[in-house]
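Engineer: Have a look at this one before I ask anything.
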Amino acid sequence: MLLAIPDLLTAEQVLQARQLLDSTQWVDGRVTAGHQSSRTKDNLQLPEGHPVANQLGEMILEALGGNALFISAALPQRVFPPLFNRYQGGQSFGTHVDNSIRQITGTPHRIRTDLSATLFFANPDEYDGGELVVEDTYGTHSVKLPAGHMILYPATSLHNVRPITRGARVASFFWIQSMVRDDGQRALLFDLDMAIQRLNRDLPDHPSAVQFTGVYHNLLRQWAEV
Ligand code: NI
């Protein structure tokens, strides 16, 4: 399932982040690439643990924690500390798959990457090219969202970032370990949750709402690892 999370960050948060990101030193993005993806990766990144990355990462984690759509869709167990990248001057990232397990640098913790996320910090009119292209069983999806919006997609998918032909694309990217490992099961729970919310809104106090909520939780109980 591909899902856009609109307005994860406010306009003021995006502006503050851009001021920090536009005035800092970036390094070659191959530092976090695995062996296979390092051959197709050509971008810039903030080093892991960079003070700007830490500061903005905390802001992002707080926004995620308060975002009902993200929580319903991702059922997050752990979120990797957000990383930041920048593409400019023809840079791109060829088709690759993200590493399945990632060590959180400087800690003994690892996460299984069930979902990948890209949070945009540049608006589409600031650059040409730079689309995130995700392949899934329904075909190929090209994604370019306004600043402050985020795309969630299964980390199992092949994906690439198209070459930048004008301007710069600045984004944060990270991974989520979900309580529900399987993308299909997670998508069913998300659909059910959305339907329950609509039922509660349109027919308040309808007795079926309690039954459906029971089904939701009993499925979650069967499928979740916590
Ligand atoms: Ni990737």
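Residues are named by chain letter and number: chains run A, B, ... in the order of the structure tokens, numbers start at 1 in each chain, and ligands are numbered from 1 in the order shown.
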Find the nearest atom pair between each residue of chain A and ligand 1 for residues within 8 Å, count only C-alpha atoms and all ligand atoms, give distances in Å to one decimal, sort rows by chain and ascending number, and present the table as a Markdown table.
Structural biologist:
```
| residue | atom | partner | partner_atom_place_in_ligand_line | distance |
| --- | --- | --- | --- | --- |
| A:His96 | CA | ligand 1 | 1 (Ni) | 6.3 |
| A:Val97 | CA | ligand 1 | 1 (Ni) | 5.9 |
| A:Asp98 | CA | ligand 1 | 1 (Ni) | 4.8 |
| A:Ser116 | CA | ligand 1 | 1 (Ni) | 7.6 |
| A:Ala155 | CA | ligand 1 | 1 (Ni) | 7.9 |
| A:Leu158 | CA | ligand 1 | 1 (Ni) | 7.9 |
| A:His159 | CA | ligand 1 | 1 (Ni) | 6.3 |
| A:Asn160 | CA | ligand 1 | 1 (Ni) | 6.9 |
```
Engineer: Output N, CA, C and O atoms for every residue in that selection, as a PDB file, in the first residue's frame.
Structural biologist:
```pdb
ATOM      1  N   HIS A  96      16.533   0.084  -6.609  1.00  0.00           N
ATOM      2  CA  HIS A  96      17.156  -0.704  -5.529  1.00  0.00           C
ATOM      3  C   HIS A  96      16.067  -1.136  -4.558  1.00  0.00           C
ATOM      4  O   HIS A  96      14.925  -0.693  -4.643  1.00  0.00           O
ATOM      5  N   VAL A  97      16.453  -1.981  -3.629  1.00  0.00           N
ATOM      6  CA  VAL A  97      15.556  -2.342  -2.525  1.00  0.00           C
ATOM      7  C   VAL A  97      16.287  -1.963  -1.235  1.00  0.00           C
ATOM      8  O   VAL A  97      17.513  -2.064  -1.160  1.00  0.00           O
ATOM      9  N   ASP A  98      15.538  -1.477  -0.248  1.00  0.00           N
ATOM     10  CA  ASP A  98      16.173  -1.050   1.002  1.00  0.00           C
ATOM     11  C   ASP A  98      16.582  -2.272   1.830  1.00  0.00           C
ATOM     12  O   ASP A  98      15.931  -3.319   1.776  1.00  0.00           O
ATOM     13  N   SER A 116       8.878   2.041   4.275  1.00  0.00           N
ATOM     14  CA  SER A 116       9.794   3.145   3.990  1.00  0.00           C
ATOM     15  C   SER A 116       8.976   4.425   3.945  1.00  0.00           C
ATOM     16  O   SER A 116       7.809   4.411   3.533  1.00  0.00           O
ATOM     17  N   ALA A 155       8.508  -1.362   2.328  1.00  0.00           N
ATOM     18  CA  ALA A 155       9.964  -1.392   2.137  1.00  0.00           C
ATOM     19  C   ALA A 155      10.384  -2.574   1.268  1.00  0.00           C
ATOM     20  O   ALA A 155      11.533  -2.655   0.837  1.00  0.00           O
ATOM     21  N   LEU A 158      10.724  -2.398  -4.981  1.00  0.00           N
ATOM     22  CA  LEU A 158      11.821  -1.786  -5.719  1.00  0.00           C
ATOM     23  C   LEU A 158      11.448  -0.329  -5.948  1.00  0.00           C
ATOM     24  O   LEU A 158      10.293  -0.015  -6.221  1.00  0.00           O
ATOM     25  N   HIS A 159      12.447   0.553  -5.839  1.00  0.00           N
ATOM     26  CA  HIS A 159      12.150   1.977  -6.051  1.00  0.00           C
ATOM     27  C   HIS A 159      13.390   2.706  -6.530  1.00  0.00           C
ATOM     28  O   HIS A 159      14.508   2.183  -6.422  1.00  0.00           O
ATOM     29  N   ASN A 160      13.178   3.897  -7.076  1.00  0.00           N
ATOM     30  CA  ASN A 160      14.306   4.724  -7.522  1.00  0.00           C
ATOM     31  C   ASN A 160      13.925   6.187  -7.424  1.00  0.00           C
ATOM     32  O   ASN A 160      12.752   6.526  -7.243  1.00  0.00           O
TER      33      ASN A 160
END
```
Engineer: Excluding same-chain residues fewer than 4 positions from region 31-46 of chain A, what lies within 8 Å of it counting only C-alpha atoms, as a list in words?
Structural biologist: Gln25, Trp26, Val27, His50, Ala53, Leu83, Phe84, Asn85, Arg86, Tyr87, Gln88, Gln91, Ser92, Phe93, Gly94, Thr95, His96, Val97 and Asn99 of chain A
Engineer: With only C-alpha atoms as the basis for distance, which of A:Thr24, A:Gln16, A:Thr113, A:Thr107 is at the shortest distance from Val52 (chain A)?
Structural biologist: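 Of all the options, A:Thr24 lies closest to Val52 (chain A).
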Engineer: So which residues touch Ala147 (chain A) within 7 Å, counting only C-alpha atoms, skipping near sequence neighbours fewer than 2 positions away, as a PyMOL selection string?
Structural biologist: chain A and resi 14+120-123+145+149
Engineer: Quick one: of A:Val180, A:Ala209, A:Leu3, A:Ile101, who's nearest to Asp193 (chain A), counting only C-alpha atoms?
Structural biologist: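 Among A:Val180, A:Ala209, A:Leu3, A:Ile101, it is A:Ala209 that comes nearest to Asp193 (chain A).
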Engineer: Using DSSP assignments from the backbone, pull out every residue in region 1-199 of chain A that falls under helix (DSSP H, G or I) and give it to me as a ChimeraX atom specification.
Structural biologist: /A:11-22,29-32,37-39,51-65,68-74,124-126,183-199
Engineer: Between A:Thr165, A:Pro81, A:Leu199, A:Ser157, which residue has the minimum interatomic distance to Tyr138 (chain A), considering only C-alpha atoms?
Structural biologist: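 Ranked by minimum distance to Tyr138 (chain A), first place goes to A:Ser157.
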Engineer: Under the rule that only C-alpha atoms are counted, which of A:Leu2, A:Thr213, A:Val134, A:His206 is the nearest residue to Asp183 (chain A)?
Structural biologist: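 The answer is A:Leu2, which sits nearest to Asp183 (chain A).
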Engineer: Quick check, in Å to one decimal: how far apart do CA of Phe70 (chain A) and CA of Pro51 (chain A) lie?
Structural biologist: 25.6 Å
Engineer: Could you give me, as a PDB file with N, CA, C and O atoms, in the first residue's frame, each residue of region 45-185 of chain A that DSSP assigns to strand (DSSP E or B) when run on this structure's backbone?
Structural biologist:
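The resulting file, result_29.pdb, is shown below:
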```pdb
ATOM      1  N   GLN A  45      23.931  13.490   1.728  1.00  0.00           N
ATOM      2  CA  GLN A  45      23.202  13.207   2.960  1.00  0.00           C
ATOM      3  C   GLN A  45      23.795  13.995   4.111  1.00  0.00           C
ATOM      4  O   GLN A  45      24.956  14.400   4.062  1.00  0.00           O
ATOM      5  N   PRO A  76       2.986   1.546  14.026  1.00  0.00           N
ATOM      6  CA  PRO A  76       4.434   1.544  14.258  1.00  0.00           C
ATOM      7  C   PRO A  76       4.842   0.873  15.564  1.00  0.00           C
ATOM      8  O   PRO A  76       4.194   1.043  16.592  1.00  0.00           O
ATOM      9  N   GLN A  77       5.902   0.100  15.467  1.00  0.00           N
ATOM     10  CA  GLN A  77       6.537  -0.480  16.650  1.00  0.00           C
ATOM     11  C   GLN A  77       7.807   0.307  16.967  1.00  0.00           C
ATOM     12  O   GLN A  77       8.043   0.689  18.088  1.00  0.00           O
ATOM     13  N   ARG A  78       8.615   0.554  15.936  1.00  0.00           N
ATOM     14  CA  ARG A  78       9.831   1.352  16.081  1.00  0.00           C
ATOM     15  C   ARG A  78      10.031   2.179  14.825  1.00  0.00           C
ATOM     16  O   ARG A  78       9.755   1.702  13.729  1.00  0.00           O
ATOM     17  N   VAL A  79      10.553   3.385  14.997  1.00  0.00           N
ATOM     18  CA  VAL A  79      10.863   4.242  13.848  1.00  0.00           C
ATOM     19  C   VAL A  79      12.360   4.520  13.855  1.00  0.00           C
ATOM     20  O   VAL A  79      12.927   4.869  14.897  1.00  0.00           O
ATOM     21  N   LEU A  83      16.747  10.256   8.552  1.00  0.00           N
ATOM     22  CA  LEU A  83      17.940  10.680   7.814  1.00  0.00           C
ATOM     23  C   LEU A  83      17.502  11.745   6.807  1.00  0.00           C
ATOM     24  O   LEU A  83      16.308  11.899   6.538  1.00  0.00           O
ATOM     25  N   PHE A  84      18.466  12.446   6.234  1.00  0.00           N
ATOM     26  CA  PHE A  84      18.142  13.564   5.330  1.00  0.00           C
ATOM     27  C   PHE A  84      18.989  13.468   4.077  1.00  0.00           C
ATOM     28  O   PHE A  84      20.190  13.181   4.166  1.00  0.00           O
ATOM     29  N   ASN A  85      18.358  13.699   2.922  1.00  0.00           N
ATOM     30  CA  ASN A  85      19.133  13.685   1.686  1.00  0.00           C
ATOM     31  C   ASN A  85      18.794  14.861   0.779  1.00  0.00           C
ATOM     32  O   ASN A  85      17.795  15.550   0.975  1.00  0.00           O
ATOM     33  N   ARG A  86      19.701  15.067  -0.158  1.00  0.00           N
ATOM     34  CA  ARG A  86      19.593  16.193  -1.084  1.00  0.00           C
ATOM     35  C   ARG A  86      20.083  15.712  -2.441  1.00  0.00           C
ATOM     36  O   ARG A  86      21.145  15.071  -2.533  1.00  0.00           O
ATOM     37  N   TYR A  87      19.289  15.977  -3.478  1.00  0.00           N
ATOM     38  CA  TYR A  87      19.667  15.648  -4.851  1.00  0.00           C
ATOM     39  C   TYR A  87      19.733  16.951  -5.623  1.00  0.00           C
ATOM     40  O   TYR A  87      18.818  17.769  -5.537  1.00  0.00           O
ATOM     41  N   GLN A  88      20.807  17.125  -6.396  1.00  0.00           N
ATOM     42  CA  GLN A  88      20.933  18.318  -7.240  1.00  0.00           C
ATOM     43  C   GLN A  88      21.853  17.980  -8.408  1.00  0.00           C
ATOM     44  O   GLN A  88      22.531  16.945  -8.387  1.00  0.00           O
ATOM     45  N   SER A  92      20.805  11.169  -8.863  1.00  0.00           N
ATOM     46  CA  SER A  92      19.674  10.233  -8.902  1.00  0.00           C
ATOM     47  C   SER A  92      20.011   9.028  -8.024  1.00  0.00           C
ATOM     48  O   SER A  92      21.140   8.908  -7.527  1.00  0.00           O
ATOM     49  N   PHE A  93      19.044   8.153  -7.855  1.00  0.00           N
ATOM     50  CA  PHE A  93      19.289   6.896  -7.128  1.00  0.00           C
ATOM     51  C   PHE A  93      18.573   5.821  -7.939  1.00  0.00           C
ATOM     52  O   PHE A  93      17.341   5.813  -8.026  1.00  0.00           O
ATOM     53  N   GLY A  94      19.355   4.947  -8.564  1.00  0.00           N
ATOM     54  CA  GLY A  94      18.802   3.914  -9.432  1.00  0.00           C
ATOM     55  C   GLY A  94      17.956   2.903  -8.669  1.00  0.00           C
ATOM     56  O   GLY A  94      17.901   2.908  -7.433  1.00  0.00           O
ATOM     57  N   THR A  95      17.305   2.034  -9.409  1.00  0.00           N
ATOM     58  CA  THR A  95      16.389   1.065  -8.809  1.00  0.00           C
ATOM     59  C   THR A  95      17.113   0.174  -7.798  1.00  0.00           C
ATOM     60  O   THR A  95      18.153  -0.393  -8.093  1.00  0.00           O
ATOM     61  N   HIS A  96      16.533   0.084  -6.609  1.00  0.00           N
ATOM     62  CA  HIS A  96      17.156  -0.704  -5.529  1.00  0.00           C
ATOM     63  C   HIS A  96      16.067  -1.136  -4.558  1.00  0.00           C
ATOM     64  O   HIS A  96      14.925  -0.693  -4.643  1.00  0.00           O
ATOM     65  N   ILE A 101      17.146  -5.185   7.405  1.00  0.00           N
ATOM     66  CA  ILE A 101      17.414  -4.962   8.822  1.00  0.00           C
ATOM     67  C   ILE A 101      18.402  -3.806   8.922  1.00  0.00           C
ATOM     68  O   ILE A 101      19.389  -3.786   8.182  1.00  0.00           O
ATOM     69  N   ARG A 102      18.147  -2.873   9.812  1.00  0.00           N
ATOM     70  CA  ARG A 102      19.088  -1.759   9.968  1.00  0.00           C
ATOM     71  C   ARG A 102      19.450  -1.586  11.430  1.00  0.00           C
ATOM     72  O   ARG A 102      18.585  -1.570  12.306  1.00  0.00           O
ATOM     73  N   GLN A 103      20.735  -1.443  11.659  1.00  0.00           N
ATOM     74  CA  GLN A 103      21.245  -1.156  13.003  1.00  0.00           C
ATOM     75  C   GLN A 103      21.068   0.331  13.254  1.00  0.00           C
ATOM     76  O   GLN A 103      21.353   1.146  12.364  1.00  0.00           O
ATOM     77  N   ARG A 110      18.285  -2.892  16.577  1.00  0.00           N
ATOM     78  CA  ARG A 110      18.086  -3.063  15.140  1.00  0.00           C
ATOM     79  C   ARG A 110      16.604  -2.940  14.850  1.00  0.00           C
ATOM     80  O   ARG A 110      15.781  -3.255  15.710  1.00  0.00           O
ATOM     81  N   ILE A 111      16.261  -2.501  13.657  1.00  0.00           N
ATOM     82  CA  ILE A 111      14.853  -2.554  13.273  1.00  0.00           C
ATOM     83  C   ILE A 111      14.706  -3.322  11.969  1.00  0.00           C
ATOM     84  O   ILE A 111      15.604  -3.335  11.127  1.00  0.00           O
ATOM     85  N   ARG A 112      13.578  -3.985  11.843  1.00  0.00           N
ATOM     86  CA  ARG A 112      13.198  -4.617  10.579  1.00  0.00           C
ATOM     87  C   ARG A 112      12.452  -3.557   9.784  1.00  0.00           C
ATOM     88  O   ARG A 112      11.523  -2.930  10.287  1.00  0.00           O
ATOM     89  N   LEU A 115       8.198  -0.674   6.483  1.00  0.00           N
ATOM     90  CA  LEU A 115       7.726   0.447   5.674  1.00  0.00           C
ATOM     91  C   LEU A 115       8.861   1.433   5.462  1.00  0.00           C
ATOM     92  O   LEU A 115       9.691   1.636   6.357  1.00  0.00           O
ATOM     93  N   SER A 116       8.878   2.041   4.275  1.00  0.00           N
ATOM     94  CA  SER A 116       9.794   3.145   3.990  1.00  0.00           C
ATOM     95  C   SER A 116       8.976   4.425   3.945  1.00  0.00           C
ATOM     96  O   SER A 116       7.809   4.411   3.533  1.00  0.00           O
ATOM     97  N   ALA A 117       9.612   5.526   4.357  1.00  0.00           N
ATOM     98  CA  ALA A 117       8.926   6.818   4.333  1.00  0.00           C
ATOM     99  C   ALA A 117       9.835   7.872   3.724  1.00  0.00           C
ATOM    100  O   ALA A 117      11.042   7.872   3.976  1.00  0.00           O
ATOM    101  N   THR A 118       9.245   8.745   2.910  1.00  0.00           N
ATOM    102  CA  THR A 118       9.952   9.935   2.420  1.00  0.00           C
ATOM    103  C   THR A 118       9.112  11.148   2.768  1.00  0.00           C
ATOM    104  O   THR A 118       7.925  11.206   2.435  1.00  0.00           O
ATOM    105  N   LEU A 119       9.721  12.083   3.484  1.00  0.00           N
ATOM    106  CA  LEU A 119       9.059  13.330   3.875  1.00  0.00           C
ATOM    107  C   LEU A 119       9.706  14.458   3.081  1.00  0.00           C
ATOM    108  O   LEU A 119      10.920  14.668   3.179  1.00  0.00           O
ATOM    109  N   PHE A 120       8.907  15.164   2.298  1.00  0.00           N
ATOM    110  CA  PHE A 120       9.452  16.174   1.381  1.00  0.00           C
ATOM    111  C   PHE A 120       9.674  17.510   2.090  1.00  0.00           C
ATOM    112  O   PHE A 120       8.822  17.970   2.850  1.00  0.00           O
ATOM    113  N   ASP A 128      12.938  20.119 -11.004  1.00  0.00           N
ATOM    114  CA  ASP A 128      12.413  19.229 -12.047  1.00  0.00           C
ATOM    115  C   ASP A 128      13.091  17.877 -11.890  1.00  0.00           C
ATOM    116  O   ASP A 128      14.266  17.807 -11.490  1.00  0.00           O
ATOM    117  N   GLY A 129      12.373  16.817 -12.259  1.00  0.00           N
ATOM    118  CA  GLY A 129      12.872  15.464 -12.016  1.00  0.00           C
ATOM    119  C   GLY A 129      12.750  15.161 -10.535  1.00  0.00           C
ATOM    120  O   GLY A 129      11.974  15.804  -9.820  1.00  0.00           O
ATOM    121  N   LEU A 132      10.089  10.172  -6.819  1.00  0.00           N
ATOM    122  CA  LEU A 132      10.275   8.847  -6.226  1.00  0.00           C
ATOM    123  C   LEU A 132       9.389   7.896  -7.022  1.00  0.00           C
ATOM    124  O   LEU A 132       8.184   8.122  -7.127  1.00  0.00           O
ATOM    125  N   VAL A 133       9.985   6.864  -7.597  1.00  0.00           N
ATOM    126  CA  VAL A 133       9.222   5.917  -8.408  1.00  0.00           C
ATOM    127  C   VAL A 133       9.204   4.575  -7.681  1.00  0.00           C
ATOM    128  O   VAL A 133      10.266   4.002  -7.389  1.00  0.00           O
ATOM    129  N   VAL A 134       8.006   4.113  -7.330  1.00  0.00           N
ATOM    130  CA  VAL A 134       7.845   2.885  -6.544  1.00  0.00           C
ATOM    131  C   VAL A 134       7.133   1.841  -7.393  1.00  0.00           C
ATOM    132  O   VAL A 134       6.084   2.123  -7.983  1.00  0.00           O
ATOM    133  N   GLU A 135       7.710   0.649  -7.451  1.00  0.00           N
ATOM    134  CA  GLU A 135       7.074  -0.458  -8.189  1.00  0.00           C
ATOM    135  C   GLU A 135       6.349  -1.356  -7.203  1.00  0.00           C
ATOM    136  O   GLU A 135       6.937  -1.773  -6.214  1.00  0.00           O
ATOM    137  N   ASP A 136       5.074  -1.615  -7.468  1.00  0.00           N
ATOM    138  CA  ASP A 136       4.386  -2.633  -6.673  1.00  0.00           C
ATOM    139  C   ASP A 136       3.571  -3.522  -7.601  1.00  0.00           C
ATOM    140  O   ASP A 136       3.674  -3.414  -8.818  1.00  0.00           O
ATOM    141  N   GLY A 139       1.689  -1.906 -10.415  1.00  0.00           N
ATOM    142  CA  GLY A 139       2.382  -1.111 -11.425  1.00  0.00           C
ATOM    143  C   GLY A 139       3.377  -0.147 -10.808  1.00  0.00           C
ATOM    144  O   GLY A 139       3.822  -0.330  -9.671  1.00  0.00           O
ATOM    145  N   THR A 140       3.702   0.891 -11.572  1.00  0.00           N
ATOM    146  CA  THR A 140       4.741   1.840 -11.177  1.00  0.00           C
ATOM    147  C   THR A 140       4.089   3.169 -10.777  1.00  0.00           C
ATOM    148  O   THR A 140       3.236   3.674 -11.494  1.00  0.00           O
ATOM    149  N   HIS A 141       4.467   3.694  -9.634  1.00  0.00           N
ATOM    150  CA  HIS A 141       3.875   4.931  -9.130  1.00  0.00           C
ATOM    151  C   HIS A 141       4.953   5.999  -9.003  1.00  0.00           C
ATOM    152  O   HIS A 141       6.016   5.745  -8.442  1.00  0.00           O
ATOM    153  N   SER A 142       4.660   7.183  -9.518  1.00  0.00           N
ATOM    154  CA  SER A 142       5.610   8.283  -9.476  1.00  0.00           C
ATOM    155  C   SER A 142       5.112   9.296  -8.454  1.00  0.00           C
ATOM    156  O   SER A 142       3.969   9.739  -8.521  1.00  0.00           O
ATOM    157  N   VAL A 143       5.962   9.641  -7.487  1.00  0.00           N
ATOM    158  CA  VAL A 143       5.514  10.444  -6.350  1.00  0.00           C
ATOM    159  C   VAL A 143       6.359  11.703  -6.201  1.00  0.00           C
ATOM    160  O   VAL A 143       7.593  11.635  -6.177  1.00  0.00           O
ATOM    161  N   MET A 150       4.252  13.520   3.380  1.00  0.00           N
ATOM    162  CA  MET A 150       5.081  12.317   3.451  1.00  0.00           C
ATOM    163  C   MET A 150       4.425  11.184   2.673  1.00  0.00           C
ATOM    164  O   MET A 150       3.199  11.075   2.658  1.00  0.00           O
ATOM    165  N   ILE A 151       5.237  10.342   2.039  1.00  0.00           N
ATOM    166  CA  ILE A 151       4.714   9.130   1.401  1.00  0.00           C
ATOM    167  C   ILE A 151       5.213   7.916   2.191  1.00  0.00           C
ATOM    168  O   ILE A 151       6.378   7.852   2.588  1.00  0.00           O
ATOM    169  N   LEU A 152       4.289   6.989   2.426  1.00  0.00           N
ATOM    170  CA  LEU A 152       4.603   5.716   3.086  1.00  0.00           C
ATOM    171  C   LEU A 152       4.470   4.625   2.044  1.00  0.00           C
ATOM    172  O   LEU A 152       3.467   4.593   1.322  1.00  0.00           O
ATOM    173  N   TYR A 153       5.439   3.708   1.944  1.00  0.00           N
ATOM    174  CA  TYR A 153       5.318   2.607   0.988  1.00  0.00           C
ATOM    175  C   TYR A 153       6.010   1.367   1.547  1.00  0.00           C
ATOM    176  O   TYR A 153       6.875   1.478   2.427  1.00  0.00           O
ATOM    177  N   PRO A 154       5.626   0.183   1.054  1.00  0.00           N
ATOM    178  CA  PRO A 154       6.215  -1.039   1.607  1.00  0.00           C
ATOM    179  C   PRO A 154       7.716  -1.081   1.312  1.00  0.00           C
ATOM    180  O   PRO A 154       8.129  -0.866   0.166  1.00  0.00           O
ATOM    181  N   HIS A 159      12.447   0.553  -5.839  1.00  0.00           N
ATOM    182  CA  HIS A 159      12.150   1.977  -6.051  1.00  0.00           C
ATOM    183  C   HIS A 159      13.390   2.706  -6.530  1.00  0.00           C
ATOM    184  O   HIS A 159      14.508   2.183  -6.422  1.00  0.00           O
ATOM    185  N   ASN A 160      13.178   3.897  -7.076  1.00  0.00           N
ATOM    186  CA  ASN A 160      14.306   4.724  -7.522  1.00  0.00           C
ATOM    187  C   ASN A 160      13.925   6.187  -7.424  1.00  0.00           C
ATOM    188  O   ASN A 160      12.752   6.526  -7.243  1.00  0.00           O
ATOM    189  N   VAL A 161      14.930   7.053  -7.504  1.00  0.00           N
ATOM    190  CA  VAL A 161      14.695   8.498  -7.561  1.00  0.00           C
ATOM    191  C   VAL A 161      15.222   8.989  -8.904  1.00  0.00           C
ATOM    192  O   VAL A 161      16.398   8.774  -9.237  1.00  0.00           O
ATOM    193  N   ILE A 164      17.632  14.606 -11.151  1.00  0.00           N
ATOM    194  CA  ILE A 164      17.239  16.006 -10.959  1.00  0.00           C
ATOM    195  C   ILE A 164      17.772  16.820 -12.140  1.00  0.00           C
ATOM    196  O   ILE A 164      18.968  16.750 -12.432  1.00  0.00           O
ATOM    197  N   THR A 165      16.906  17.558 -12.793  1.00  0.00           N
ATOM    198  CA  THR A 165      17.368  18.351 -13.939  1.00  0.00           C
ATOM    199  C   THR A 165      17.364  19.851 -13.652  1.00  0.00           C
ATOM    200  O   THR A 165      17.882  20.634 -14.428  1.00  0.00           O
ATOM    201  N   ARG A 166      16.744  20.262 -12.548  1.00  0.00           N
ATOM    202  CA  ARG A 166      16.777  21.685 -12.144  1.00  0.00           C
ATOM    203  C   ARG A 166      16.528  21.763 -10.641  1.00  0.00           C
ATOM    204  O   ARG A 166      15.723  21.000 -10.117  1.00  0.00           O
ATOM    205  N   ALA A 168      16.941  21.735  -6.453  1.00  0.00           N
ATOM    206  CA  ALA A 168      17.378  20.730  -5.483  1.00  0.00           C
ATOM    207  C   ALA A 168      16.166  20.117  -4.798  1.00  0.00           C
ATOM    208  O   ALA A 168      15.189  20.796  -4.498  1.00  0.00           O
ATOM    209  N   ARG A 169      16.269  18.800  -4.581  1.00  0.00           N
ATOM    210  CA  ARG A 169      15.222  18.062  -3.870  1.00  0.00           C
ATOM    211  C   ARG A 169      15.767  17.724  -2.493  1.00  0.00           C
ATOM    212  O   ARG A 169      16.774  17.029  -2.357  1.00  0.00           O
ATOM    213  N   VAL A 170      15.131  18.237  -1.460  1.00  0.00           N
ATOM    214  CA  VAL A 170      15.566  18.005  -0.079  1.00  0.00           C
ATOM    215  C   VAL A 170      14.471  17.201   0.608  1.00  0.00           C
ATOM    216  O   VAL A 170      13.294  17.550   0.511  1.00  0.00           O
ATOM    217  N   ALA A 171      14.857  16.122   1.287  1.00  0.00           N
ATOM    218  CA  ALA A 171      13.855  15.260   1.913  1.00  0.00           C
ATOM    219  C   ALA A 171      14.437  14.561   3.133  1.00  0.00           C
ATOM    220  O   ALA A 171      15.657  14.499   3.313  1.00  0.00           O
ATOM    221  N   SER A 172      13.548  14.045   3.948  1.00  0.00           N
ATOM    222  CA  SER A 172      13.946  13.130   5.013  1.00  0.00           C
ATOM    223  C   SER A 172      13.455  11.745   4.616  1.00  0.00           C
ATOM    224  O   SER A 172      12.426  11.613   3.958  1.00  0.00           O
ATOM    225  N   PHE A 173      14.225  10.732   5.003  1.00  0.00           N
ATOM    226  CA  PHE A 173      13.797   9.365   4.706  1.00  0.00           C
ATOM    227  C   PHE A 173      14.130   8.491   5.906  1.00  0.00           C
ATOM    228  O   PHE A 173      15.091   8.741   6.636  1.00  0.00           O
ATOM    229  N   PHE A 174      13.287   7.505   6.136  1.00  0.00           N
ATOM    230  CA  PHE A 174      13.492   6.611   7.280  1.00  0.00           C
ATOM    231  C   PHE A 174      12.597   5.390   7.126  1.00  0.00           C
ATOM    232  O   PHE A 174      11.864   5.278   6.140  1.00  0.00           O
ATOM    233  N   TRP A 175      12.709   4.494   8.092  1.00  0.00           N
ATOM    234  CA  TRP A 175      11.979   3.225   8.002  1.00  0.00           C
ATOM    235  C   TRP A 175      11.193   2.998   9.277  1.00  0.00           C
ATOM    236  O   TRP A 175      11.536   3.522  10.331  1.00  0.00           O
ATOM    237  N   ILE A 176      10.171   2.167   9.145  1.00  0.00           N
ATOM    238  CA  ILE A 176       9.324   1.852  10.285  1.00  0.00           C
ATOM    239  C   ILE A 176       9.223   0.332  10.412  1.00  0.00           C
ATOM    240  O   ILE A 176       8.961  -0.361   9.421  1.00  0.00           O
ATOM    241  N   GLN A 177       9.450  -0.164  11.628  1.00  0.00           N
ATOM    242  CA  GLN A 177       9.104  -1.548  11.934  1.00  0.00           C
ATOM    243  C   GLN A 177       7.681  -1.511  12.464  1.00  0.00           C
ATOM    244  O   GLN A 177       7.365  -0.796  13.415  1.00  0.00           O
ATOM    245  N   SER A 178       6.804  -2.271  11.816  1.00  0.00           N
ATOM    246  CA  SER A 178       5.391  -2.255  12.197  1.00  0.00           C
ATOM    247  C   SER A 178       5.100  -3.387  13.170  1.00  0.00           C
ATOM    248  O   SER A 178       5.772  -4.419  13.163  1.00  0.00           O
TER     249      SER A 178
END
```
Engineer: Figure out the distance between CA of Glu62 (chain A) and CA of Tyr127 (chain A), please, to one decimal in Å.
Structural biologist: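 Here the two named atoms are 28.1 Å from each other.
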Engineer: Just give me the gap between CA of Gly90 (chain A) and CA of Gln55 (chain A) in Å, one decimal is fine.
Structural biologist: 28.8 Å
Engineer: With distances taken over only C-alpha atoms, which residue among A:Pro146, A:Leu8, A:Gly184, A:Asp205 lies nearest Ala68 (chain A)?
Structural biologist: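 Distance minimum relative to Ala68 (chain A) lands on A:Leu8.
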